[in-house]
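*Asks:* Contents of structure_14.csv (CSV, N, CA and C atoms):
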chain,number,residue,atom,x,y,z
F,1,MET,N,43.0,-11.7,-24.4
F,1,MET,CA,43.5,-10.5,-25.0
F,1,MET,C,45.0,-10.6,-25.1
F,2,SER,N,45.6,-10.2,-26.3
F,2,SER,CA,47.0,-10.3,-26.4
F,2,SER,C,47.7,-9.2,-25.7
F,3,LYS,N,49.0,-9.4,-25.5
F,3,LYS,CA,49.8,-8.5,-24.8
F,3,LYS,C,49.8,-7.1,-25.5
F,4,VAL,N,50.0,-7.1,-26.8
F,4,VAL,CA,49.9,-5.9,-27.6
F,4,VAL,C,48.6,-5.2,-27.4
F,5,SER,N,47.5,-5.9,-27.5
F,5,SER,CA,46.2,-5.3,-27.4
F,5,SER,C,46.1,-4.7,-26.0
F,6,SER,N,46.5,-5.5,-25.0
F,6,SER,CA,46.4,-5.0,-23.6
F,6,SER,C,47.2,-3.7,-23.4
F,7,THR,N,48.4,-3.7,-24.0
F,7,THR,CA,49.3,-2.5,-23.9
F,7,THR,C,48.6,-1.3,-24.6
F,8,CYS,N,48.0,-1.6,-25.8
F,8,CYS,CA,47.2,-0.5,-26.5
F,8,CYS,C,46.1,0.0,-25.7
F,9,HIS,N,45.3,-0.9,-25.0
F,9,HIS,CA,44.2,-0.5,-24.2
F,9,HIS,C,44.6,0.4,-23.0
F,10,ILE,N,45.7,0.0,-22.4
F,10,ILE,CA,46.2,0.8,-21.2
F,10,ILE,C,46.6,2.1,-21.7
F,11,ALA,N,47.4,2.2,-22.8
F,11,ALA,CA,47.9,3.4,-23.4
F,11,ALA,C,46.7,4.3,-23.8
F,12,LEU,N,45.7,3.7,-24.4
F,12,LEU,CA,44.5,4.5,-24.9
F,12,LEU,C,43.7,5.0,-23.7
F,13,GLY,N,43.6,4.3,-22.6
F,13,GLY,CA,42.9,4.7,-21.4
F,13,GLY,C,43.6,6.0,-20.9
F,14,ARG,N,44.9,5.9,-20.8
F,14,ARG,CA,45.6,7.1,-20.3
F,14,ARG,C,45.5,8.3,-21.2
F,15,ALA,N,45.6,8.0,-22.5
F,15,ALA,CA,45.5,9.1,-23.5
F,15,ALA,C,44.1,9.7,-23.5
F,16,LEU,N,43.1,9.0,-23.3
F,16,LEU,CA,41.7,9.6,-23.2
F,16,LEU,C,41.6,10.5,-22.0
F,17,GLU,N,42.2,10.0,-20.8
F,17,GLU,CA,42.2,10.9,-19.6
F,17,GLU,C,42.9,12.2,-19.9
F,18,GLN,N,44.1,12.0,-20.6
F,18,GLN,CA,44.9,13.2,-20.9
F,18,GLN,C,44.1,14.1,-21.8
F,19,LEU,N,43.4,13.6,-22.8
F,19,LEU,CA,42.7,14.4,-23.8
F,19,LEU,C,41.6,15.2,-23.0
F,20,GLU,N,40.9,14.6,-22.1
F,20,GLU,CA,39.9,15.3,-21.4
F,20,GLU,C,40.5,16.4,-20.6
F,21,THR,N,41.6,16.2,-19.9
F,21,THR,CA,42.3,17.2,-19.1
F,21,THR,C,42.8,18.4,-20.0
F,22,VAL,N,43.4,18.0,-21.2
F,22,VAL,CA,43.9,19.1,-22.1
F,22,VAL,C,42.8,19.9,-22.7
F,23,MET,N,41.7,19.2,-23.0
F,23,MET,CA,40.5,19.9,-23.6
F,23,MET,C,40.0,20.9,-22.5
F,24,GLU,N,39.9,20.5,-21.3
F,24,GLU,CA,39.4,21.4,-20.2
F,24,GLU,C,40.4,22.6,-20.1
F,25,GLN,N,41.7,22.3,-20.0
F,25,GLN,CA,42.7,23.3,-19.8
F,25,GLN,C,42.7,24.3,-21.0
F,26,GLU,N,42.5,23.9,-22.2
F,26,GLU,CA,42.5,24.8,-23.4
F,26,GLU,C,41.1,25.4,-23.6
F,27,GLY,N,40.1,25.1,-22.8
F,27,GLY,CA,38.8,25.7,-23.0
F,27,GLY,C,38.0,25.0,-24.2
F,28,VAL,N,38.5,23.8,-24.6
F,28,VAL,CA,37.8,23.1,-25.7
F,28,VAL,C,36.6,22.3,-25.2
F,29,TRP,N,36.7,21.8,-23.9
F,29,TRP,CA,35.6,21.0,-23.4
F,29,TRP,C,34.4,21.8,-23.3
F,30,PRO,N,33.3,21.2,-23.8
F,30,PRO,CA,32.0,22.0,-23.9
F,30,PRO,C,31.5,22.4,-22.5
F,31,LYS,N,30.9,23.6,-22.4
F,31,LYS,CA,30.4,24.1,-21.2
F,31,LYS,C,29.2,23.3,-20.6
F,32,LYS,N,28.4,22.8,-21.6
F,32,LYS,CA,27.2,22.0,-21.1
F,32,LYS,C,27.0,20.8,-22.1
F,33,MET,N,26.3,19.8,-21.5
F,33,MET,CA,26.0,18.6,-22.3
F,33,MET,C,24.9,18.9,-23.3
F,34,PRO,N,25.1,18.4,-24.5
F,34,PRO,CA,24.0,18.6,-25.5
F,34,PRO,C,22.7,18.0,-25.0
F,35,ALA,N,21.6,18.4,-25.6
F,35,ALA,CA,20.3,17.8,-25.3
F,35,ALA,C,20.3,16.3,-25.7
F,36,GLU,N,19.5,15.5,-25.0
F,36,GLU,CA,19.5,14.1,-25.3
F,36,GLU,C,19.1,13.8,-26.7
F,37,GLN,N,18.2,14.6,-27.3
F,37,GLN,CA,17.8,14.4,-28.7
F,37,GLN,C,19.0,14.7,-29.6
F,38,ASP,N,19.8,15.7,-29.3
F,38,ASP,CA,20.9,16.0,-30.2
F,38,ASP,C,21.9,14.8,-30.1
F,39,LEU,N,22.1,14.3,-28.9
F,39,LEU,CA,23.0,13.1,-28.8
F,39,LEU,C,22.5,11.9,-29.5
F,40,ASN,N,21.2,11.7,-29.4
F,40,ASN,CA,20.6,10.6,-30.2
F,40,ASN,C,20.8,10.7,-31.7
F,41,ASN,N,20.5,12.0,-32.1
F,41,ASN,CA,20.7,12.3,-33.6
F,41,ASN,C,22.2,12.1,-34.0
F,42,ALA,N,23.1,12.5,-33.1
F,42,ALA,CA,24.5,12.3,-33.5
F,42,ALA,C,24.9,10.8,-33.6
F,43,MET,N,24.3,10.0,-32.7
F,43,MET,CA,24.6,8.6,-32.8
F,43,MET,C,24.1,7.9,-34.0
F,44,GLU,N,23.1,8.5,-34.6
F,44,GLU,CA,22.5,8.0,-35.9
F,44,GLU,C,23.0,8.6,-37.1
F,45,SER,N,23.8,9.7,-36.9
F,45,SER,CA,24.3,10.5,-38.1
F,45,SER,C,25.2,9.7,-39.0
F,46,ALA,N,25.1,9.9,-40.2
F,46,ALA,CA,26.0,9.2,-41.2
F,46,ALA,C,27.1,10.2,-41.6
F,47,VAL,N,27.1,11.4,-41.1
F,47,VAL,CA,28.1,12.4,-41.4
F,47,VAL,C,29.3,12.1,-40.4
F,48,PRO,N,30.5,12.1,-41.0
F,48,PRO,CA,31.7,11.9,-40.1
F,48,PRO,C,31.7,12.9,-38.9
F,49,PHE,N,32.0,12.3,-37.8
F,49,PHE,CA,32.1,13.1,-36.5
F,49,PHE,C,30.7,13.8,-36.1
F,50,ALA,N,29.7,13.4,-36.8
F,50,ALA,CA,28.3,13.9,-36.5
F,50,ALA,C,28.3,15.4,-36.5
F,51,VAL,N,29.0,16.0,-37.3
F,51,VAL,CA,29.1,17.5,-37.3
F,51,VAL,C,27.8,18.1,-37.8
F,52,ASP,N,26.9,17.3,-38.3
F,52,ASP,CA,25.6,17.9,-38.7
F,52,ASP,C,24.7,18.0,-37.5
F,53,CYS,N,25.1,17.4,-36.4
F,53,CYS,CA,24.2,17.4,-35.2
F,53,CYS,C,24.9,18.1,-34.0
F,54,LEU,N,26.2,18.0,-33.9
F,54,LEU,CA,27.0,18.5,-32.8
F,54,LEU,C,28.2,19.3,-33.2
F,55,ALA,N,28.7,20.2,-32.4
F,55,ALA,CA,30.0,20.8,-32.6
F,55,ALA,C,31.0,19.6,-32.4
F,56,PHE,N,32.1,19.7,-33.1
F,56,PHE,CA,33.2,18.7,-33.1
F,56,PHE,C,33.6,18.4,-31.7
F,57,GLU,N,33.8,19.5,-30.9
F,57,GLU,CA,34.3,19.3,-29.5
F,57,GLU,C,33.2,18.6,-28.7
F,58,SER,N,31.9,18.8,-28.9
F,58,SER,CA,30.9,18.0,-28.2
F,58,SER,C,30.9,16.6,-28.6
F,59,TRP,N,31.2,16.3,-29.9
F,59,TRP,CA,31.3,14.9,-30.4
F,59,TRP,C,32.4,14.2,-29.6
F,60,LEU,N,33.6,14.9,-29.5
F,60,LEU,CA,34.7,14.3,-28.8
F,60,LEU,C,34.3,14.0,-27.3
F,61,ALA,N,33.7,15.0,-26.7
F,61,ALA,CA,33.5,14.9,-25.2
F,61,ALA,C,32.3,13.9,-24.9
F,62,PHE,N,31.3,13.9,-25.7
F,62,PHE,CA,30.1,13.2,-25.3
F,62,PHE,C,29.8,11.9,-26.2
F,63,ILE,N,30.5,11.7,-27.3
F,63,ILE,CA,30.3,10.6,-28.1
F,63,ILE,C,31.6,9.7,-28.2
F,64,PHE,N,32.7,10.4,-28.6
F,64,PHE,CA,34.0,9.7,-28.9
F,64,PHE,C,34.6,9.1,-27.6
F,65,ILE,N,34.8,10.0,-26.6
F,65,ILE,CA,35.5,9.5,-25.3
F,65,ILE,C,34.6,8.4,-24.7
F,66,PRO,N,33.3,8.6,-24.5
F,66,PRO,CA,32.5,7.6,-23.8
F,66,PRO,C,32.6,6.3,-24.6
F,67,LYS,N,32.5,6.3,-26.0
F,67,LYS,CA,32.5,5.1,-26.8
F,67,LYS,C,33.8,4.4,-26.7
F,68,MET,N,34.9,5.1,-26.7
F,68,MET,CA,36.2,4.5,-26.5
F,68,MET,C,36.4,3.9,-25.1
F,69,ARG,N,35.8,4.5,-24.1
F,69,ARG,CA,35.9,3.9,-22.8
F,69,ARG,C,35.1,2.6,-22.7
F,70,ILE,N,34.0,2.5,-23.4
F,70,ILE,CA,33.2,1.3,-23.5
F,70,ILE,C,34.0,0.2,-24.2
F,71,LEU,N,34.6,0.5,-25.3
F,71,LEU,CA,35.5,-0.4,-26.0
F,71,LEU,C,36.6,-1.0,-25.1
F,72,LEU,N,37.2,-0.1,-24.3
F,72,LEU,CA,38.3,-0.5,-23.4
F,72,LEU,C,37.7,-1.4,-22.3
F,73,LYS,N,36.6,-1.0,-21.7
F,73,LYS,CA,36.0,-1.8,-20.7
F,73,LYS,C,35.6,-3.2,-21.2
F,74,GLN,N,35.2,-3.3,-22.4
F,74,GLN,CA,34.8,-4.6,-23.0
F,74,GLN,C,36.0,-5.3,-23.6
F,75,GLU,N,37.1,-4.7,-23.6
F,75,GLU,CA,38.4,-5.3,-24.1
F,75,GLU,C,38.2,-5.6,-25.6
F,76,THR,N,37.5,-4.7,-26.3
F,76,THR,CA,37.3,-4.9,-27.7
F,76,THR,C,38.5,-4.4,-28.5
F,77,PRO,N,38.8,-5.1,-29.6
F,77,PRO,CA,40.0,-4.5,-30.4
F,77,PRO,C,39.7,-3.1,-30.9
F,78,LEU,N,40.7,-2.3,-30.9
F,78,LEU,CA,40.6,-0.9,-31.2
F,78,LEU,C,40.5,-0.7,-32.7
F,79,PRO,N,39.5,0.1,-33.2
F,79,PRO,CA,39.4,0.3,-34.6
F,79,PRO,C,40.5,1.3,-35.0
F,80,PRO,N,41.1,1.2,-36.2
F,80,PRO,CA,42.0,2.2,-36.7
F,80,PRO,C,41.3,3.5,-36.8
F,81,MET,N,41.9,4.6,-36.6
F,81,MET,CA,41.3,5.9,-36.7
F,81,MET,C,42.2,7.0,-37.1
F,82,GLN,N,41.6,8.0,-37.7
F,82,GLN,CA,42.3,9.2,-38.1
F,82,GLN,C,41.4,10.4,-37.7
F,83,ILE,N,41.5,10.8,-36.4
F,83,ILE,CA,40.7,11.9,-35.9
F,83,ILE,C,41.4,13.2,-36.1
F,84,THR,N,42.7,13.2,-36.0
F,84,THR,CA,43.5,14.5,-36.1
F,84,THR,C,43.2,15.3,-37.3
F,85,PRO,N,43.2,14.7,-38.5
F,85,PRO,CA,42.9,15.6,-39.7
F,85,PRO,C,41.6,16.4,-39.6
F,86,ALA,N,40.6,15.7,-39.0
F,86,ALA,CA,39.3,16.5,-38.9
F,86,ALA,C,39.4,17.5,-37.8
F,87,ALA,N,40.1,17.2,-36.7
F,87,ALA,CA,40.3,18.1,-35.6
F,87,ALA,C,41.0,19.4,-36.1
F,88,GLU,N,42.0,19.2,-37.0
F,88,GLU,CA,42.7,20.3,-37.5
F,88,GLU,C,41.8,21.3,-38.3
F,89,ILE,N,40.7,20.7,-38.9
F,89,ILE,CA,39.7,21.5,-39.6
F,89,ILE,C,38.8,22.2,-38.6
F,90,TYR,N,38.3,21.5,-37.6
F,90,TYR,CA,37.2,22.0,-36.8
F,90,TYR,C,37.7,22.7,-35.5
F,91,LEU,N,38.9,22.5,-35.1
F,91,LEU,CA,39.4,23.2,-33.9
F,91,LEU,C,40.4,24.3,-34.3
F,92,SER,N,40.4,25.3,-33.5
F,92,SER,CA,41.4,26.4,-33.7
F,92,SER,C,42.8,25.9,-33.6
F,93,SER,N,43.7,26.5,-34.4
F,93,SER,CA,45.1,26.1,-34.3
F,93,SER,C,45.7,26.5,-32.9
F,94,ALA,N,44.9,27.3,-32.2
F,94,ALA,CA,45.4,27.7,-30.8
F,94,ALA,C,45.3,26.5,-29.9
F,95,HIS,N,44.6,25.5,-30.3
F,95,HIS,CA,44.4,24.3,-29.4
F,95,HIS,C,45.4,23.2,-29.7
F,96,GLN,N,46.7,23.5,-29.8
F,96,GLN,CA,47.8,22.6,-30.2
F,96,GLN,C,47.9,21.4,-29.3
F,97,ARG,N,47.7,21.6,-28.0
F,97,ARG,CA,47.8,20.4,-27.1
F,97,ARG,C,46.7,19.4,-27.3
F,98,THR,N,45.5,19.9,-27.5
F,98,THR,CA,44.4,19.0,-27.9
F,98,THR,C,44.6,18.3,-29.2
F,99,LEU,N,45.1,19.0,-30.2
F,99,LEU,CA,45.4,18.4,-31.4
F,99,LEU,C,46.5,17.3,-31.3
F,100,SER,N,47.6,17.7,-30.5
F,100,SER,CA,48.7,16.7,-30.3
F,100,SER,C,48.2,15.5,-29.5
F,101,GLN,N,47.3,15.7,-28.6
F,101,GLN,CA,46.7,14.5,-27.8
F,101,GLN,C,45.9,13.6,-28.7
F,102,LEU,N,45.1,14.2,-29.6
F,102,LEU,CA,44.4,13.4,-30.6
F,102,LEU,C,45.3,12.6,-31.5
F,103,GLN,N,46.4,13.2,-31.9
F,103,GLN,CA,47.4,12.5,-32.7
F,103,GLN,C,48.0,11.3,-31.9
F,104,VAL,N,48.2,11.4,-30.6
F,104,VAL,CA,48.6,10.3,-29.8
F,104,VAL,C,47.6,9.2,-29.8
F,105,ILE,N,46.3,9.6,-29.7
F,105,ILE,CA,45.2,8.6,-29.7
F,105,ILE,C,45.2,7.9,-31.1
F,106,ASP,N,45.3,8.7,-32.2
F,106,ASP,CA,45.3,8.1,-33.5
F,106,ASP,C,46.4,7.0,-33.6
F,107,ASN,N,47.6,7.4,-33.1
F,107,ASN,CA,48.8,6.6,-33.2
F,107,ASN,C,48.6,5.3,-32.4
F,108,ILE,N,48.0,5.4,-31.2
F,108,ILE,CA,47.8,4.2,-30.4
F,108,ILE,C,46.8,3.3,-31.1
F,109,ALA,N,45.7,3.8,-31.6
F,109,ALA,CA,44.7,3.0,-32.2
F,109,ALA,C,45.2,2.4,-33.5
F,110,ASN,N,46.2,3.0,-34.1
F,110,ASN,CA,46.7,2.4,-35.4
F,110,ASN,C,48.0,1.6,-35.1
F,111,GLY,N,48.2,1.2,-33.8
F,111,GLY,CA,49.2,0.3,-33.5
F,111,GLY,C,50.6,0.9,-33.2
F,112,ASP,N,50.7,2.2,-33.2
F,112,ASP,CA,52.0,2.8,-33.0
F,112,ASP,C,52.0,3.4,-31.6
F,113,ILE,N,52.4,2.6,-30.6
F,113,ILE,CA,52.4,3.0,-29.2
F,113,ILE,C,53.8,3.3,-28.7
F,114,GLY,N,54.8,3.3,-29.6
F,114,GLY,CA,56.2,3.5,-29.2
F,114,GLY,C,56.4,5.0,-29.2
Would it be possible to restate this file's structure as structure tokens?
*Replies:*
Amino acid sequence: MSKVSSTCHIALGRALEQLETVMEQEGVWPKKMPAEQDLNNAMESAVPFAVDCLAFESWLAFIFIPKMRILLKQETPLPPMQITPAAEIYLSSAHQRTLSQLQVIDNIANGDIG
């Protein structure tokens, strides 16, 4: 793994931890885990962010964060992403810290870790 990739992985790992913390602090983290069938349907969904199967915040908590942690553990190259524009649609503007943390994650995944 290259030094840049390693730096991105470390930064993303920290950013994911911070996202989870901020979501909990802002009351965005879901109160309960979705049913297993709903999670399975979300994994098969062709709709962006599986919003046909889950609330956006449930997708973040139970699909996105775990999948990113798997990529980090496997030292897989990070895919470019743009989650923040969708988050601005699906989350209340009152959740600015969550939105800001998602922008940090987008920036890291897109190679801007400065």
*Asks:* Taking only C-alpha atoms into account, name the residue in F:Val28, F:Ile63, F:Gln101, F:Phe56 that is nearest to Ala87 in chain F.
*Replies:*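 Nearest candidate to Ala87 in chain F out of F:Val28, F:Ile63, F:Gln101, F:Phe56: F:Phe56.
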*Asks:* Hey, could you make a per-residue contact list for range 33-96 of chain F against range 4-19 of chain F with 12 Å as the cut-off, showing the nearest pair of atoms and its distance in Å to one decimal, counting only C-alpha atoms, sorted by chain and number, as JSON lines?
*Replies:*
{"residue": "F:Glu57", "atom": "CA", "partner": "F:Leu19", "partner_atom": "CA", "distance": 11.3}
{"residue": "F:Leu60", "atom": "CA", "partner": "F:Leu19", "partner_atom": "CA", "distance": 9.4}
{"residue": "F:Ala61", "atom": "CA", "partner": "F:Leu19", "partner_atom": "CA", "distance": 9.3}
{"residue": "F:Phe64", "atom": "CA", "partner": "F:Leu16", "partner_atom": "CA", "distance": 9.6}
{"residue": "F:Ile65", "atom": "CA", "partner": "F:Leu16", "partner_atom": "CA", "distance": 6.5}
{"residue": "F:Pro66", "atom": "CA", "partner": "F:Leu16", "partner_atom": "CA", "distance": 9.4}
{"residue": "F:Lys67", "atom": "CA", "partner": "F:Leu16", "partner_atom": "CA", "distance": 10.9}
{"residue": "F:Met68", "atom": "CA", "partner": "F:Leu16", "partner_atom": "CA", "distance": 8.2}
{"residue": "F:Arg69", "atom": "CA", "partner": "F:Gly13", "partner_atom": "CA", "distance": 7.2}
{"residue": "F:Ile70", "atom": "CA", "partner": "F:Gly13", "partner_atom": "CA", "distance": 10.5}
{"residue": "F:Leu71", "atom": "CA", "partner": "F:His9", "partner_atom": "CA", "distance": 8.9}
{"residue": "F:Leu72", "atom": "CA", "partner": "F:His9", "partner_atom": "CA", "distance": 6.0}
{"residue": "F:Lys73", "atom": "CA", "partner": "F:His9", "partner_atom": "CA", "distance": 9.0}
{"residue": "F:Gln74", "atom": "CA", "partner": "F:His9", "partner_atom": "CA", "distance": 10.3}
{"residue": "F:Glu75", "atom": "CA", "partner": "F:His9", "partner_atom": "CA", "distance": 7.5}
{"residue": "F:Thr76", "atom": "CA", "partner": "F:His9", "partner_atom": "CA", "distance": 8.9}
{"residue": "F:Pro77", "atom": "CA", "partner": "F:Ser5", "partner_atom": "CA", "distance": 6.9}
{"residue": "F:Leu78", "atom": "CA", "partner": "F:His9", "partner_atom": "CA", "distance": 7.9}
{"residue": "F:Pro79", "atom": "CA", "partner": "F:Cys8", "partner_atom": "CA", "distance": 11.3}
{"residue": "F:Pro80", "atom": "CA", "partner": "F:Cys8", "partner_atom": "CA", "distance": 11.8}
{"residue": "F:His95", "atom": "CA", "partner": "F:Leu19", "partner_atom": "CA", "distance": 11.5}
{"residue": "F:Gln96", "atom": "CA", "partner": "F:Leu19", "partner_atom": "CA", "distance": 11.6}
*Asks:* Can you check which residues of chain F DSSP gives as helix (DSSP H, G or I) on the backbone and send them as a ChimeraX atom specification?
*Replies:* /F:3-25,36-44,48-50,56-73,84-90,96-109
*Asks:* May I have the residues within 9 Å of Asn41 in chain F as a ChimeraX atom specification, using only C-alpha atoms and disregarding those fewer than 4 positions away in the same chain?
*Replies:* /F:36-37,45,50,53-54
*Asks:* Looking at only C-alpha atoms, which of F:Gln82, F:Phe49, F:Met33, F:Leu91 is the one that sits closest to Asn107 in chain F?
*Replies:* F:Gln82
*Asks:* Kindly give the distance, in Å, that separates atom C of Ser100 in chain F and atom N of Glu44 in chain F, rounded to a single decimal.
*Replies:*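 Computing it gives 26.6 Å between the two atoms.
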*Asks:* Calculate how many Å separate atom N of Phe62 in chain F from atom C of Asn110 in chain F, rounding to one decimal.
*Replies:*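 Between atom N of Phe62 in chain F and atom C of Asn110 in chain F the gap is 22.8 Å.
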*Asks:* Give the answer as one residue: which of F:Thr84, F:Ser92, F:Asn40, F:Thr98 has the shortest atom-to-atom distance to Thr21 in chain F, using only C-alpha atoms?
*Replies:*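 With only C-alpha atoms as the atom set, the closest residue is F:Thr98.
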*Asks:* Enter the distance from atom C of Glu24 in chain F to atom N of Ile89 in chain F, in Å, rounded to one decimal.
*Replies:*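 A separation of 18.9 Å between them.
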*Asks:* Edge lengths and centre, in Å to one decimal, as lines of an AutoDock Vina configuration file: that's what I need for the box along x, y and z that holds all listed atoms of range 61-70 of chain F plus 6 Å on each side.
*Replies:*
center_x = 33.1
center_y = 7.6
center_z = -25.8
size_x = 18.6
size_y = 26.8
size_z = 18.2
*Asks:* Please fill the gaps in range 7-16 of chain F so it has all heavy atoms, and write that as a compact mmCIF listing (two decimals), keeping the file's coordinate frame.
*Replies:*
# COMPACT_ATOMS: atom_id res chain seq x y z
N THR F 7 48.40 -3.70 -24.00
CA THR F 7 49.30 -2.50 -23.90
C THR F 7 48.60 -1.30 -24.60
O THR F 7 48.59 -0.18 -24.10
CB THR F 7 50.64 -2.75 -24.59
OG1 THR F 7 51.24 -3.86 -23.91
CG2 THR F 7 51.56 -1.56 -24.52
N CYS F 8 48.00 -1.60 -25.80
CA CYS F 8 47.20 -0.50 -26.50
C CYS F 8 46.10 0.00 -25.70
O CYS F 8 45.84 1.22 -25.59
CB CYS F 8 46.73 -1.02 -27.82
SG CYS F 8 48.01 -1.23 -29.07
N HIS F 9 45.30 -0.90 -25.00
CA HIS F 9 44.20 -0.50 -24.20
C HIS F 9 44.60 0.40 -23.00
O HIS F 9 44.00 1.38 -22.73
CB HIS F 9 43.41 -1.72 -23.74
CG HIS F 9 42.52 -2.30 -24.78
ND1 HIS F 9 43.00 -3.00 -25.86
CD2 HIS F 9 41.17 -2.27 -24.93
CE1 HIS F 9 41.99 -3.38 -26.62
NE2 HIS F 9 40.87 -2.94 -26.09
N ILE F 10 45.70 0.00 -22.40
CA ILE F 10 46.20 0.80 -21.20
C ILE F 10 46.60 2.10 -21.70
O ILE F 10 46.29 3.17 -21.14
CB ILE F 10 47.38 0.02 -20.54
CG1 ILE F 10 46.83 -1.22 -19.83
CG2 ILE F 10 48.09 0.95 -19.56
CD1 ILE F 10 47.90 -2.20 -19.39
N ALA F 11 47.40 2.20 -22.80
CA ALA F 11 47.90 3.40 -23.40
C ALA F 11 46.70 4.30 -23.80
O ALA F 11 46.69 5.53 -23.55
CB ALA F 11 48.80 3.19 -24.56
N LEU F 12 45.70 3.70 -24.40
CA LEU F 12 44.50 4.50 -24.90
C LEU F 12 43.70 5.00 -23.70
O LEU F 12 43.29 6.19 -23.69
CB LEU F 12 43.61 3.70 -25.78
CG LEU F 12 42.44 4.49 -26.35
CD1 LEU F 12 42.91 5.67 -27.20
CD2 LEU F 12 41.53 3.59 -27.17
N GLY F 13 43.60 4.30 -22.60
CA GLY F 13 42.90 4.70 -21.40
C GLY F 13 43.60 6.00 -20.90
O GLY F 13 42.91 6.96 -20.54
N ARG F 14 44.90 5.90 -20.80
CA ARG F 14 45.60 7.10 -20.30
C ARG F 14 45.50 8.30 -21.20
O ARG F 14 45.39 9.40 -20.80
CB ARG F 14 47.11 6.69 -20.10
CG ARG F 14 47.33 5.74 -18.95
CD ARG F 14 48.80 5.42 -18.76
NE ARG F 14 48.96 4.48 -17.67
CZ ARG F 14 49.87 3.53 -17.63
NH1 ARG F 14 50.73 3.40 -18.63
NH2 ARG F 14 49.95 2.71 -16.61
N ALA F 15 45.60 8.00 -22.50
CA ALA F 15 45.50 9.10 -23.50
C ALA F 15 44.10 9.70 -23.50
O ALA F 15 44.05 10.96 -23.68
CB ALA F 15 45.81 8.51 -24.91
N LEU F 16 43.10 9.00 -23.30
CA LEU F 16 41.70 9.60 -23.20
C LEU F 16 41.60 10.50 -22.00
O LEU F 16 41.04 11.55 -22.03
CB LEU F 16 40.67 8.47 -23.14
CG LEU F 16 40.46 7.70 -24.43
CD1 LEU F 16 39.56 6.49 -24.19
CD2 LEU F 16 39.89 8.58 -25.53
